[in-house]
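Take a look at the structure set out below.
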Amino acid sequence: MVSCSSDGENPMPPEMMEEIVPETLEAVTLNNVTYGSAEGQNYDIYLPENRTLDTKVVLLVHGGGWTSGDKADMVGFLELLKSQLPQVAIVNMNYRLADNETSPFPMQTDDITTLVAQLREKQTEYQISTNLGLLGVSAGGHLSLLWSYAYDTEEQVKMVCSIVGPTNFLDEAYLNSTDPAIQELIGLFGEDTELLEETSPLFQVKTTSPPTQLFYGGQDPLIPTSQGVDLDAKLTELNVLHEFTLYETEGHGWVGDNLFDTSIKLKAFIETHLLAN
């Protein structure tokens with residue numbers, strides 16, 4: 001050992017020569033943390049024990065047709081991730097809801113941007129990484145894809161998963177639909193072709209987009225099969241790492257064996273593309 005003392009003896013007291021052990025952090029859950037002053041701009045965050053600045057984050061985005069829903073709807077996924085991937089920090093967000101007077105866009109993508117910026121600011125306080133995975137269901141799947149493809153300017157997203165999320169508002173299956181429920185939902189984004197393209201993940205994905213995981217139901221009354229099939233084809237064309245699962249007999253969500261299959265594939269995808277970064 002090299003000594004800094006003139007007489008060859010180490011001047012450091014023995015108790016200071018002992019290995020310094022970092023403080024062990026306990027698991028913490030913080031509920032209804034605000035990231036803005038408007039109703040809905042809040043989130044719950046689960047911080048695992050023994051976390052560090054390398055602890056990856058999964059952001060959950062609920063569905064509800066852009067006009068309803070709540071982070072409580074994602075508790076099942078929250079508990080699944082806590083049990084299957086206990087080393088991951090989980091953020092379960094609310095966002096401002098649209099109505100006939102207020103469009104979802106850009107309000108809801110702006111909310112994700114604001115929340116992610118706050119997580120960056122609180123990185124040291126929370127002891128988390130800036131690397132993110134996004135998981136969204138239905139409208140939340142659409143928002144997760146759109147934000148990851150078009151608004152992740154810091155390239156924080158290492159994987160994104162959409163479960164029955166719309167991908168293309170210019171799909172003929174939507175434009176030609178006579179279903180009032182579908183017309184009402186798509187009508188939230190207006191009728192301008194350029195805007196519908198701007199808000200469609202299919203037209204925003206690029207060669208540098210993050211690894212993408214897609215789950216869709218073949219009998220979904222709200223999300224035509226083409227929404228998943230076409231994005232799968234586009235991701236293949238652009239050579240973006242991705243997985244596409246179509247459950248032919250399922251609708252707008254599923255339980256049982258197919259939900260178990262989804263959970264297995266989701267866990268593996270997060271491990272490969274988020275935790276490995």
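Residues are referred to by chain and number: the chain letter is A, B, ... according to the order shown in the structure tokens, the number counts from 1 in that chain, and ligands are numbered separately from 1 in the order shown.
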Closest atom pairs, region 108-195 of chain A residues within 7 Å of region 208-229 of chain A, only C-alpha atoms, as a Markdown table:
```
| residue | atom | partner | partner_atom | distance |
| --- | --- | --- | --- | --- |
| A:Tyr149 | CA | A:Ser209 | CA | 5.7 |
| A:Val157 | CA | A:Pro210 | CA | 6.5 |
| A:Lys158 | CA | A:Pro210 | CA | 5.5 |
| A:Met159 | CA | A:Pro211 | CA | 4.8 |
| A:Val160 | CA | A:Thr212 | CA | 5.0 |
| A:Cys161 | CA | A:Gln213 | CA | 4.5 |
| A:Ser162 | CA | A:Leu214 | CA | 5.1 |
| A:Ile163 | CA | A:Phe215 | CA | 4.8 |
| A:Val164 | CA | A:Tyr216 | CA | 4.9 |
| A:Pro166 | CA | A:Gln227 | CA | 6.0 |
| A:Thr167 | CA | A:Gln227 | CA | 5.5 |
| A:Asn168 | CA | A:Gln227 | CA | 6.2 |
| A:Ala173 | CA | A:Pro224 | CA | 6.7 |
| A:Ile182 | CA | A:Leu222 | CA | 6.5 |
```
Got time to write the residues from that selection, N, CA, C and O atoms, as a PDB file, in the first residue's frame?
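What landed in selection_38.pdb:
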```pdb
ATOM      1  N   TYR A 149     -42.302   8.139 -29.738  1.00  0.00           N
ATOM      2  CA  TYR A 149     -41.846   8.309 -31.115  1.00  0.00           C
ATOM      3  C   TYR A 149     -41.579   9.763 -31.489  1.00  0.00           C
ATOM      4  O   TYR A 149     -40.686  10.044 -32.289  1.00  0.00           O
ATOM      5  N   VAL A 157     -36.536   7.037 -23.450  1.00  0.00           N
ATOM      6  CA  VAL A 157     -37.356   5.831 -23.553  1.00  0.00           C
ATOM      7  C   VAL A 157     -36.543   4.700 -24.173  1.00  0.00           C
ATOM      8  O   VAL A 157     -36.074   4.813 -25.304  1.00  0.00           O
ATOM      9  N   LYS A 158     -36.400   3.612 -23.433  1.00  0.00           N
ATOM     10  CA  LYS A 158     -35.648   2.447 -23.900  1.00  0.00           C
ATOM     11  C   LYS A 158     -36.565   1.334 -24.383  1.00  0.00           C
ATOM     12  O   LYS A 158     -36.107   0.416 -25.059  1.00  0.00           O
ATOM     13  N   MET A 159     -37.843   1.404 -24.044  1.00  0.00           N
ATOM     14  CA  MET A 159     -38.854   0.482 -24.565  1.00  0.00           C
ATOM     15  C   MET A 159     -40.229   1.066 -24.326  1.00  0.00           C
ATOM     16  O   MET A 159     -40.432   1.823 -23.388  1.00  0.00           O
ATOM     17  N   VAL A 160     -41.156   0.725 -25.230  1.00  0.00           N
ATOM     18  CA  VAL A 160     -42.529   1.180 -25.074  1.00  0.00           C
ATOM     19  C   VAL A 160     -43.450   0.026 -25.422  1.00  0.00           C
ATOM     20  O   VAL A 160     -43.197  -0.730 -26.357  1.00  0.00           O
ATOM     21  N   CYS A 161     -44.511  -0.109 -24.628  1.00  0.00           N
ATOM     22  CA  CYS A 161     -45.480  -1.185 -24.837  1.00  0.00           C
ATOM     23  C   CYS A 161     -46.884  -0.595 -24.951  1.00  0.00           C
ATOM     24  O   CYS A 161     -47.303   0.182 -24.091  1.00  0.00           O
ATOM     25  N   SER A 162     -47.569  -0.978 -26.016  1.00  0.00           N
ATOM     26  CA  SER A 162     -48.965  -0.580 -26.209  1.00  0.00           C
ATOM     27  C   SER A 162     -49.844  -1.812 -26.162  1.00  0.00           C
ATOM     28  O   SER A 162     -49.644  -2.764 -26.918  1.00  0.00           O
ATOM     29  N   ILE A 163     -50.831  -1.766 -25.285  1.00  0.00           N
ATOM     30  CA  ILE A 163     -51.857  -2.805 -25.229  1.00  0.00           C
ATOM     31  C   ILE A 163     -53.143  -2.184 -25.763  1.00  0.00           C
ATOM     32  O   ILE A 163     -53.687  -1.252 -25.166  1.00  0.00           O
ATOM     33  N   VAL A 164     -53.589  -2.655 -26.898  1.00  0.00           N
ATOM     34  CA  VAL A 164     -54.789  -2.189 -27.614  1.00  0.00           C
ATOM     35  C   VAL A 164     -54.823  -0.671 -27.796  1.00  0.00           C
ATOM     36  O   VAL A 164     -55.882  -0.052 -27.702  1.00  0.00           O
ATOM     37  N   PRO A 166     -54.659   2.732 -30.116  1.00  0.00           N
ATOM     38  CA  PRO A 166     -54.798   3.190 -31.504  1.00  0.00           C
ATOM     39  C   PRO A 166     -53.462   3.675 -32.056  1.00  0.00           C
ATOM     40  O   PRO A 166     -52.670   4.284 -31.329  1.00  0.00           O
ATOM     41  N   THR A 167     -53.234   3.421 -33.341  1.00  0.00           N
ATOM     42  CA  THR A 167     -51.965   3.813 -33.957  1.00  0.00           C
ATOM     43  C   THR A 167     -52.137   4.677 -35.198  1.00  0.00           C
ATOM     44  O   THR A 167     -51.197   5.343 -35.618  1.00  0.00           O
ATOM     45  N   ASN A 168     -53.345   4.672 -35.791  1.00  0.00           N
ATOM     46  CA  ASN A 168     -53.536   5.369 -37.067  1.00  0.00           C
ATOM     47  C   ASN A 168     -54.957   5.890 -37.183  1.00  0.00           C
ATOM     48  O   ASN A 168     -55.889   5.136 -37.467  1.00  0.00           O
ATOM     49  N   ALA A 173     -60.628   1.898 -41.675  1.00  0.00           N
ATOM     50  CA  ALA A 173     -61.555   1.253 -40.741  1.00  0.00           C
ATOM     51  C   ALA A 173     -62.146   2.259 -39.765  1.00  0.00           C
ATOM     52  O   ALA A 173     -63.252   2.058 -39.249  1.00  0.00           O
ATOM     53  N   ILE A 182     -67.041   5.003 -32.023  1.00  0.00           N
ATOM     54  CA  ILE A 182     -65.762   5.239 -32.694  1.00  0.00           C
ATOM     55  C   ILE A 182     -65.720   6.644 -33.278  1.00  0.00           C
ATOM     56  O   ILE A 182     -64.713   7.356 -33.168  1.00  0.00           O
TER      57      ILE A 182
END
```
Can you check which residues of region 69-121 of chain A DSSP gives as strand (DSSP E) on the backbone and send them as JSON, numbers by chain? {"A": [89, 90, 91, 92, 93]}
Deliver the residues from the most recent selection as a file, using N, CA, C and O atoms, as a PDB file, in the first residue's frame.
```
ATOM      1  N   ALA A  89     -38.481   1.017 -10.465  1.00  0.00           N
ATOM      2  CA  ALA A  89     -39.346   2.074  -9.937  1.00  0.00           C
ATOM      3  C   ALA A  89     -40.533   2.214 -10.883  1.00  0.00           C
ATOM      4  O   ALA A  89     -40.381   2.084 -12.101  1.00  0.00           O
ATOM      5  N   ILE A  90     -41.715   2.475 -10.331  1.00  0.00           N
ATOM      6  CA  ILE A  90     -42.924   2.527 -11.149  1.00  0.00           C
ATOM      7  C   ILE A  90     -43.664   3.834 -10.900  1.00  0.00           C
ATOM      8  O   ILE A  90     -43.949   4.178  -9.748  1.00  0.00           O
ATOM      9  N   VAL A  91     -43.977   4.529 -11.974  1.00  0.00           N
ATOM     10  CA  VAL A  91     -44.752   5.765 -11.904  1.00  0.00           C
ATOM     11  C   VAL A  91     -46.103   5.506 -12.564  1.00  0.00           C
ATOM     12  O   VAL A  91     -46.163   5.079 -13.720  1.00  0.00           O
ATOM     13  N   ASN A  92     -47.161   5.759 -11.832  1.00  0.00           N
ATOM     14  CA  ASN A  92     -48.523   5.548 -12.333  1.00  0.00           C
ATOM     15  C   ASN A  92     -49.193   6.911 -12.425  1.00  0.00           C
ATOM     16  O   ASN A  92     -49.528   7.512 -11.415  1.00  0.00           O
ATOM     17  N   MET A  93     -49.380   7.404 -13.642  1.00  0.00           N
ATOM     18  CA  MET A  93     -49.767   8.807 -13.819  1.00  0.00           C
ATOM     19  C   MET A  93     -51.240   9.006 -14.144  1.00  0.00           C
ATOM     20  O   MET A  93     -51.893   8.177 -14.784  1.00  0.00           O
TER      21      MET A  93
END
```
Among listed residues A:Leu30, A:Ile264, A:Ala233, A:Ala139, nearest Gln108 (chain A) (using only C-alpha atoms):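 Closest to Gln108 (chain A), using only C-alpha atoms: A:Ala139.
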With 12 Å as the cut-off and only C-alpha atoms counted, what is the closest atom pair between each nearby residue of region 88-189 of chain A and region 39-51 of chain A? Distances in Å to one decimal, ordered by chain and number, as a tab-separated table.
```
residue	atom	partner	partner_atom	distance
A:Val88	CA	A:Pro48	CA	6.5
A:Ala89	CA	A:Leu47	CA	4.9
A:Ile90	CA	A:Tyr46	CA	5.1
A:Val91	CA	A:Ile45	CA	4.4
A:Asn92	CA	A:Asp44	CA	5.2
A:Met93	CA	A:Tyr43	CA	4.2
A:Asn94	CA	A:Gly40	CA	5.3
A:Tyr95	CA	A:Gly40	CA	4.9
A:Arg96	CA	A:Gly40	CA	4.9
A:Leu97	CA	A:Gly40	CA	7.4
A:Ala98	CA	A:Gly40	CA	11.0
A:Met107	CA	A:Gln41	CA	11.0
A:Gln108	CA	A:Gln41	CA	9.9
A:Asp110	CA	A:Gln41	CA	10.8
A:Asp111	CA	A:Gln41	CA	7.3
A:Ile112	CA	A:Gln41	CA	9.6
A:Thr113	CA	A:Gln41	CA	11.6
A:Thr114	CA	A:Gln41	CA	9.3
A:Leu115	CA	A:Gln41	CA	8.4
A:Val116	CA	A:Tyr43	CA	11.2
A:Gln118	CA	A:Tyr43	CA	11.2
A:Leu119	CA	A:Ile45	CA	10.1
A:Lys122	CA	A:Ile45	CA	11.8
A:Gln123	CA	A:Arg51	CA	11.3
A:Thr124	CA	A:Arg51	CA	10.9
A:Glu125	CA	A:Leu47	CA	10.9
A:Tyr126	CA	A:Leu47	CA	7.3
A:Gln127	CA	A:Arg51	CA	6.2
A:Ile128	CA	A:Arg51	CA	6.9
A:Ser129	CA	A:Arg51	CA	9.5
```
Kindly save the residues from that selection, with N, CA and C atoms included, as a PDB file, in the first residue's frame.
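Wrote result35.pdb, looks like this:
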```pdb
ATOM      1  N   VAL A  88     -37.456  -2.394 -10.125  1.00  0.00           N
ATOM      2  CA  VAL A  88     -37.888  -1.285 -10.981  1.00  0.00           C
ATOM      3  C   VAL A  88     -38.710  -0.269 -10.194  1.00  0.00           C
ATOM      4  N   ALA A  89     -38.481   1.017 -10.465  1.00  0.00           N
ATOM      5  CA  ALA A  89     -39.346   2.074  -9.937  1.00  0.00           C
ATOM      6  C   ALA A  89     -40.533   2.214 -10.883  1.00  0.00           C
ATOM      7  N   ILE A  90     -41.715   2.475 -10.331  1.00  0.00           N
ATOM      8  CA  ILE A  90     -42.924   2.527 -11.149  1.00  0.00           C
ATOM      9  C   ILE A  90     -43.664   3.834 -10.900  1.00  0.00           C
ATOM     10  N   VAL A  91     -43.977   4.529 -11.974  1.00  0.00           N
ATOM     11  CA  VAL A  91     -44.752   5.765 -11.904  1.00  0.00           C
ATOM     12  C   VAL A  91     -46.103   5.506 -12.564  1.00  0.00           C
ATOM     13  N   ASN A  92     -47.161   5.759 -11.832  1.00  0.00           N
ATOM     14  CA  ASN A  92     -48.523   5.548 -12.333  1.00  0.00           C
ATOM     15  C   ASN A  92     -49.193   6.911 -12.425  1.00  0.00           C
ATOM     16  N   MET A  93     -49.380   7.404 -13.642  1.00  0.00           N
ATOM     17  CA  MET A  93     -49.767   8.807 -13.819  1.00  0.00           C
ATOM     18  C   MET A  93     -51.240   9.006 -14.144  1.00  0.00           C
ATOM     19  N   ASN A  94     -51.754  10.138 -13.707  1.00  0.00           N
ATOM     20  CA  ASN A  94     -52.974  10.717 -14.233  1.00  0.00           C
ATOM     21  C   ASN A  94     -52.587  11.827 -15.204  1.00  0.00           C
ATOM     22  N   TYR A  95     -53.520  12.221 -16.042  1.00  0.00           N
ATOM     23  CA  TYR A  95     -53.292  13.338 -16.951  1.00  0.00           C
ATOM     24  C   TYR A  95     -54.618  14.067 -17.156  1.00  0.00           C
ATOM     25  N   ARG A  96     -54.535  15.265 -17.681  1.00  0.00           N
ATOM     26  CA  ARG A  96     -55.746  16.048 -17.905  1.00  0.00           C
ATOM     27  C   ARG A  96     -56.632  15.350 -18.940  1.00  0.00           C
ATOM     28  N   LEU A  97     -57.925  15.318 -18.677  1.00  0.00           N
ATOM     29  CA  LEU A  97     -58.858  14.616 -19.549  1.00  0.00           C
ATOM     30  C   LEU A  97     -59.511  15.576 -20.546  1.00  0.00           C
ATOM     31  N   ALA A  98     -59.758  15.053 -21.734  1.00  0.00           N
ATOM     32  CA  ALA A  98     -60.372  15.847 -22.788  1.00  0.00           C
ATOM     33  C   ALA A  98     -61.898  15.840 -22.650  1.00  0.00           C
ATOM     34  N   MET A 107     -52.518  18.480 -25.257  1.00  0.00           N
ATOM     35  CA  MET A 107     -52.614  18.558 -23.800  1.00  0.00           C
ATOM     36  C   MET A 107     -52.017  17.327 -23.111  1.00  0.00           C
ATOM     37  N   GLN A 108     -52.370  16.142 -23.583  1.00  0.00           N
ATOM     38  CA  GLN A 108     -51.968  14.932 -22.859  1.00  0.00           C
ATOM     39  C   GLN A 108     -50.521  14.541 -23.119  1.00  0.00           C
ATOM     40  N   ASP A 110     -48.297  16.807 -23.666  1.00  0.00           N
ATOM     41  CA  ASP A 110     -47.626  17.830 -22.862  1.00  0.00           C
ATOM     42  C   ASP A 110     -47.530  17.393 -21.403  1.00  0.00           C
ATOM     43  N   ASP A 111     -48.567  16.733 -20.902  1.00  0.00           N
ATOM     44  CA  ASP A 111     -48.541  16.260 -19.515  1.00  0.00           C
ATOM     45  C   ASP A 111     -47.448  15.219 -19.310  1.00  0.00           C
ATOM     46  N   ILE A 112     -47.290  14.321 -20.270  1.00  0.00           N
ATOM     47  CA  ILE A 112     -46.211  13.335 -20.143  1.00  0.00           C
ATOM     48  C   ILE A 112     -44.860  14.041 -20.156  1.00  0.00           C
ATOM     49  N   THR A 113     -44.708  15.024 -21.038  1.00  0.00           N
ATOM     50  CA  THR A 113     -43.451  15.782 -21.104  1.00  0.00           C
ATOM     51  C   THR A 113     -43.151  16.458 -19.769  1.00  0.00           C
ATOM     52  N   THR A 114     -44.161  17.084 -19.181  1.00  0.00           N
ATOM     53  CA  THR A 114     -43.972  17.782 -17.908  1.00  0.00           C
ATOM     54  C   THR A 114     -43.616  16.809 -16.794  1.00  0.00           C
ATOM     55  N   LEU A 115     -44.298  15.673 -16.749  1.00  0.00           N
ATOM     56  CA  LEU A 115     -44.017  14.686 -15.715  1.00  0.00           C
ATOM     57  C   LEU A 115     -42.617  14.113 -15.856  1.00  0.00           C
ATOM     58  N   VAL A 116     -42.220  13.770 -17.065  1.00  0.00           N
ATOM     59  CA  VAL A 116     -40.885  13.211 -17.277  1.00  0.00           C
ATOM     60  C   VAL A 116     -39.819  14.237 -16.896  1.00  0.00           C
ATOM     61  N   GLN A 118     -40.120  16.469 -14.575  1.00  0.00           N
ATOM     62  CA  GLN A 118     -40.048  16.492 -13.111  1.00  0.00           C
ATOM     63  C   GLN A 118     -39.263  15.300 -12.579  1.00  0.00           C
ATOM     64  N   LEU A 119     -39.444  14.144 -13.183  1.00  0.00           N
ATOM     65  CA  LEU A 119     -38.689  12.969 -12.745  1.00  0.00           C
ATOM     66  C   LEU A 119     -37.188  13.192 -12.929  1.00  0.00           C
ATOM     67  N   LYS A 122     -36.042  15.363 -10.112  1.00  0.00           N
ATOM     68  CA  LYS A 122     -36.054  14.661  -8.835  1.00  0.00           C
ATOM     69  C   LYS A 122     -35.205  13.389  -8.858  1.00  0.00           C
ATOM     70  N   GLN A 123     -34.373  13.237  -9.864  1.00  0.00           N
ATOM     71  CA  GLN A 123     -33.590  12.004  -9.999  1.00  0.00           C
ATOM     72  C   GLN A 123     -32.786  11.697  -8.743  1.00  0.00           C
ATOM     73  N   THR A 124     -32.086  12.693  -8.226  1.00  0.00           N
ATOM     74  CA  THR A 124     -31.265  12.467  -7.041  1.00  0.00           C
ATOM     75  C   THR A 124     -32.130  12.244  -5.808  1.00  0.00           C
ATOM     76  N   GLU A 125     -33.186  13.018  -5.670  1.00  0.00           N
ATOM     77  CA  GLU A 125     -34.089  12.865  -4.526  1.00  0.00           C
ATOM     78  C   GLU A 125     -34.720  11.482  -4.508  1.00  0.00           C
ATOM     79  N   TYR A 126     -35.189  11.039  -5.663  1.00  0.00           N
ATOM     80  CA  TYR A 126     -35.842   9.736  -5.750  1.00  0.00           C
ATOM     81  C   TYR A 126     -34.838   8.579  -5.841  1.00  0.00           C
ATOM     82  N   GLN A 127     -33.607   8.887  -6.282  1.00  0.00           N
ATOM     83  CA  GLN A 127     -32.595   7.852  -6.552  1.00  0.00           C
ATOM     84  C   GLN A 127     -33.091   6.898  -7.639  1.00  0.00           C
ATOM     85  N   ILE A 128     -33.267   7.473  -8.825  1.00  0.00           N
ATOM     86  CA  ILE A 128     -33.716   6.705  -9.981  1.00  0.00           C
ATOM     87  C   ILE A 128     -32.909   7.115 -11.206  1.00  0.00           C
ATOM     88  N   SER A 129     -32.937   6.271 -12.211  1.00  0.00           N
ATOM     89  CA  SER A 129     -32.314   6.567 -13.493  1.00  0.00           C
ATOM     90  C   SER A 129     -33.218   7.475 -14.314  1.00  0.00           C
TER      91      SER A 129
END
```
All alpha helix (DSSP H) positions in region 33-245 of chain A, as a VMD selection string: chain A and resid 75 to 84 107 to 121 123 to 126 139 to 150 172 to 175 180 to 187 193 to 198 201 to 204 225 to 237
Do a neighbour search on Gln204 (chain A) at 10 Å with only C-alpha atoms, toss out local chain neighbours closer than 3 positions, and write the hits as number ranges by chain. A: 145-151, 167, 197-201, 209
Could those residues be written to a file, using N, CA and C atoms, as an mmCIF file, in the first residue's frame?
```
data_model
loop_
_atom_site.group_PDB
_atom_site.id
_atom_site.type_symbol
_atom_site.label_atom_id
_atom_site.label_comp_id
_atom_site.auth_asym_id
_atom_site.auth_seq_id
_atom_site.Cartn_x
_atom_site.Cartn_y
_atom_site.Cartn_z
ATOM 1 N N LEU A 145 -47.050 5.418 -27.233
ATOM 2 C CA LEU A 145 -46.372 5.303 -28.523
ATOM 3 C C LEU A 145 -46.067 6.675 -29.109
ATOM 4 N N LEU A 146 -47.065 7.550 -29.106
ATOM 5 C CA LEU A 146 -46.888 8.870 -29.709
ATOM 6 C C LEU A 146 -45.792 9.655 -29.010
ATOM 7 N N TRP A 147 -45.799 9.647 -27.676
ATOM 8 C CA TRP A 147 -44.781 10.410 -26.948
ATOM 9 C C TRP A 147 -43.392 9.816 -27.185
ATOM 10 N N SER A 148 -43.296 8.496 -27.162
ATOM 11 C CA SER A 148 -41.998 7.845 -27.343
ATOM 12 C C SER A 148 -41.433 8.092 -28.732
ATOM 13 N N TYR A 149 -42.302 8.139 -29.738
ATOM 14 C CA TYR A 149 -41.846 8.309 -31.115
ATOM 15 C C TYR A 149 -41.579 9.763 -31.489
ATOM 16 N N ALA A 150 -42.350 10.690 -30.916
ATOM 17 C CA ALA A 150 -42.286 12.070 -31.398
ATOM 18 C C ALA A 150 -41.816 13.107 -30.392
ATOM 19 N N TYR A 151 -41.873 12.803 -29.091
ATOM 20 C CA TYR A 151 -41.626 13.851 -28.095
ATOM 21 C C TYR A 151 -40.537 13.516 -27.078
ATOM 22 N N THR A 167 -53.234 3.421 -33.341
ATOM 23 C CA THR A 167 -51.965 3.813 -33.957
ATOM 24 C C THR A 167 -52.137 4.677 -35.198
ATOM 25 N N GLU A 197 -52.725 12.862 -38.860
ATOM 26 C CA GLU A 197 -51.440 12.217 -39.149
ATOM 27 C C GLU A 197 -50.427 12.519 -38.045
ATOM 28 N N GLU A 198 -50.426 13.776 -37.594
ATOM 29 C CA GLU A 198 -49.480 14.188 -36.542
ATOM 30 C C GLU A 198 -49.725 13.443 -35.244
ATOM 31 N N THR A 199 -50.966 13.062 -34.989
ATOM 32 C CA THR A 199 -51.310 12.395 -33.730
ATOM 33 C C THR A 199 -51.371 10.870 -33.866
ATOM 34 N N SER A 200 -50.963 10.357 -35.011
ATOM 35 C CA SER A 200 -50.963 8.912 -35.237
ATOM 36 C C SER A 200 -49.553 8.354 -35.122
ATOM 37 N N PRO A 201 -49.290 7.479 -34.163
ATOM 38 C CA PRO A 201 -47.952 6.900 -34.009
ATOM 39 C C PRO A 201 -47.416 6.258 -35.289
ATOM 40 N N SER A 209 -36.589 4.957 -33.410
ATOM 41 C CA SER A 209 -37.591 4.776 -32.350
ATOM 42 C C SER A 209 -37.208 3.621 -31.441
#
```
